[in-house]
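Asks: To start, I am sharing the structure in question, which I have written as structure tokens.
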Amino acid sequence: MMLSVTRKVVIFAKHVQGNCDGKLPRQKDCAELEGWDHESADVARVRVGQWWSNFATKDDGARKKRVEESTRDEATQKALRYLAECETRDRKRFQGQPN
């Protein structure tokens, strides 16, 4: 379970870095990502904005905190640090809320 979550974090960070100008996607944004469901998966349409929102904020960010605390994978840690620095797209509208 944790392995797939850490893989998704890395894939998501690469997507944000390459396609979103360093800004986190909106709640309804979708993307076509390869390897999302499992390592050898073909390209799938993923609601990346909703996934990130659920991952980062649901239950006060408990899932994100668990991944941050338990991962020893350098790629995942680097991806989480990068995502923490990204700004939200609707920054004025959601001021004061966590990424």
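Chain labels run A, B, ... following the order of the structure tokens; each chain numbers its residues from 1, and ligands are numbered from 1 in the order shown.
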Report as a list in words all protein, DNA and RNA residues lying within 10 Å of Lys14 of chain A, evaluated on only C-alpha atoms, omitting residues in the same chain fewer than 5 positions from it.

Replies: Lys8, Val9, Asn19, Cys20, Gly22, Ala79, Tyr82 and Leu83 of chain A

Asks: Go ahead and save the picked residues with C-alpha atoms, as a PDB file, in the first residue's frame.

Replies:
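selection_34.pdb written:
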```
ATOM      1  CA  LYS A   8       2.100   8.370  -6.850  1.00  0.00           C
ATOM      2  CA  VAL A   9       3.740  11.219  -4.918  1.00  0.00           C
ATOM      3  CA  ASN A  19       3.144  20.678 -16.712  1.00  0.00           C
ATOM      4  CA  CYS A  20       1.779  23.041 -14.080  1.00  0.00           C
ATOM      5  CA  GLY A  22       5.189  24.816 -10.328  1.00  0.00           C
ATOM      6  CA  ALA A  79       9.092  15.145  -4.176  1.00  0.00           C
ATOM      7  CA  TYR A  82       9.181  20.229  -3.772  1.00  0.00           C
ATOM      8  CA  LEU A  83       5.385  20.002  -3.437  1.00  0.00           C
TER       9      LEU A  83
END
```

Asks: Excluding segment 35-41 of chain A and residues on its chain fewer than 3 positions from it, collect all residues at most 12 Å away from it, counting only C-alpha atoms, and give them as a ChimeraX atom specification.

Replies: /A:1,3-12,15,31-32,44-48,51

Asks: Selected residues, C-alpha atoms, written as a compact mmCIF listing (two decimals), in the first residue's frame, please.

Replies:
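This is the output file selection_11.txt:
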```
# COMPACT_ATOMS: atom_id res chain seq x y z
CA MET A 1 0.00 0.00 0.00
CA LEU A 3 4.75 1.72 -2.05
CA SER A 4 1.96 2.75 -4.42
CA VAL A 5 1.36 5.97 -2.47
CA THR A 6 5.03 6.95 -2.59
CA ARG A 7 5.15 6.15 -6.32
CA LYS A 8 2.10 8.37 -6.85
CA VAL A 9 3.74 11.22 -4.92
CA VAL A 10 6.80 11.06 -7.18
CA ILE A 11 4.69 10.85 -10.36
CA PHE A 12 2.51 13.73 -9.17
CA HIS A 15 3.66 16.23 -13.36
CA ALA A 31 -3.91 14.52 -16.23
CA GLU A 32 -2.86 11.51 -18.25
CA ALA A 44 -4.46 6.55 -17.28
CA ARG A 45 -6.60 9.66 -16.86
CA VAL A 46 -6.22 10.74 -13.24
CA ARG A 47 -8.04 13.44 -11.28
CA VAL A 48 -4.77 14.78 -9.90
CA TRP A 51 -6.05 13.12 -5.40
```

Asks: Could you work out how far atom CA of Lys28 of chain A lies from atom CA of Trp52 of chain A, giving the answer in Å with one decimal?

Replies: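 Here the two named atoms are 10.6 Å from each other.
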
Asks: Pick out each residue of chain A that DSSP on the backbone tags as helix (DSSP H, G or I); I need them as a PyMOL selection string.

Replies: chain A and resi 2-19+48-70+74-85

Asks: With C-alpha atoms retained, export the selected residues as a PDB file, in the first residue's frame.

Replies:
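Saved the output as again-v4.pdb:
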```pdb
ATOM      1  CA  MET A   2       2.667   2.516   1.026  1.00  0.00           C
ATOM      2  CA  LEU A   3       4.748   1.718  -2.055  1.00  0.00           C
ATOM      3  CA  SER A   4       1.958   2.748  -4.418  1.00  0.00           C
ATOM      4  CA  VAL A   5       1.358   5.973  -2.473  1.00  0.00           C
ATOM      5  CA  THR A   6       5.026   6.949  -2.593  1.00  0.00           C
ATOM      6  CA  ARG A   7       5.149   6.155  -6.323  1.00  0.00           C
ATOM      7  CA  LYS A   8       2.100   8.370  -6.850  1.00  0.00           C
ATOM      8  CA  VAL A   9       3.740  11.219  -4.918  1.00  0.00           C
ATOM      9  CA  VAL A  10       6.803  11.056  -7.178  1.00  0.00           C
ATOM     10  CA  ILE A  11       4.693  10.845 -10.364  1.00  0.00           C
ATOM     11  CA  PHE A  12       2.513  13.726  -9.174  1.00  0.00           C
ATOM     12  CA  ALA A  13       5.537  15.917  -8.358  1.00  0.00           C
ATOM     13  CA  LYS A  14       7.007  15.299 -11.818  1.00  0.00           C
ATOM     14  CA  HIS A  15       3.662  16.228 -13.364  1.00  0.00           C
ATOM     15  CA  VAL A  16       3.438  19.473 -11.361  1.00  0.00           C
ATOM     16  CA  GLN A  17       7.020  20.373 -12.190  1.00  0.00           C
ATOM     17  CA  GLY A  18       6.719  19.684 -15.900  1.00  0.00           C
ATOM     18  CA  ASN A  19       3.144  20.678 -16.712  1.00  0.00           C
ATOM     19  CA  VAL A  48      -4.769  14.783  -9.901  1.00  0.00           C
ATOM     20  CA  GLY A  49      -6.284  17.804  -8.190  1.00  0.00           C
ATOM     21  CA  GLN A  50      -8.733  15.706  -6.230  1.00  0.00           C
ATOM     22  CA  TRP A  51      -6.049  13.120  -5.398  1.00  0.00           C
ATOM     23  CA  TRP A  52      -3.693  15.794  -4.053  1.00  0.00           C
ATOM     24  CA  SER A  53      -6.449  17.490  -2.078  1.00  0.00           C
ATOM     25  CA  ASN A  54      -7.468  14.212  -0.444  1.00  0.00           C
ATOM     26  CA  PHE A  55      -3.848  13.213   0.186  1.00  0.00           C
ATOM     27  CA  ALA A  56      -2.768  16.542   1.657  1.00  0.00           C
ATOM     28  CA  THR A  57      -5.814  17.707   3.614  1.00  0.00           C
ATOM     29  CA  LYS A  58      -8.209  14.845   4.403  1.00  0.00           C
ATOM     30  CA  ASP A  59      -8.243  14.014   8.117  1.00  0.00           C
ATOM     31  CA  ASP A  60      -6.041  17.052   8.712  1.00  0.00           C
ATOM     32  CA  GLY A  61      -3.366  15.690   6.339  1.00  0.00           C
ATOM     33  CA  ALA A  62      -2.903  12.431   8.270  1.00  0.00           C
ATOM     34  CA  ARG A  63      -2.065  10.394   5.161  1.00  0.00           C
ATOM     35  CA  LYS A  64       0.539  12.901   3.989  1.00  0.00           C
ATOM     36  CA  LYS A  65       2.083  13.015   7.467  1.00  0.00           C
ATOM     37  CA  ARG A  66       2.302   9.202   7.587  1.00  0.00           C
ATOM     38  CA  VAL A  67       4.110   9.121   4.252  1.00  0.00           C
ATOM     39  CA  GLU A  68       6.466  11.928   5.286  1.00  0.00           C
ATOM     40  CA  GLU A  69       7.350  10.170   8.537  1.00  0.00           C
ATOM     41  CA  SER A  70       7.681   6.620   7.243  1.00  0.00           C
ATOM     42  CA  GLU A  74      14.959   9.788  -1.237  1.00  0.00           C
ATOM     43  CA  ALA A  75      12.887  10.382  -4.387  1.00  0.00           C
ATOM     44  CA  THR A  76       9.676  10.538  -2.336  1.00  0.00           C
ATOM     45  CA  GLN A  77      11.209  12.836   0.263  1.00  0.00           C
ATOM     46  CA  LYS A  78      12.513  15.140  -2.484  1.00  0.00           C
ATOM     47  CA  ALA A  79       9.092  15.145  -4.176  1.00  0.00           C
ATOM     48  CA  LEU A  80       7.322  16.021  -0.914  1.00  0.00           C
ATOM     49  CA  ARG A  81       9.749  18.887  -0.258  1.00  0.00           C
ATOM     50  CA  TYR A  82       9.181  20.229  -3.772  1.00  0.00           C
ATOM     51  CA  LEU A  83       5.385  20.002  -3.437  1.00  0.00           C
ATOM     52  CA  ALA A  84       5.501  21.789  -0.076  1.00  0.00           C
ATOM     53  CA  GLU A  85       7.085  24.774  -1.851  1.00  0.00           C
TER      54      GLU A  85
END
```
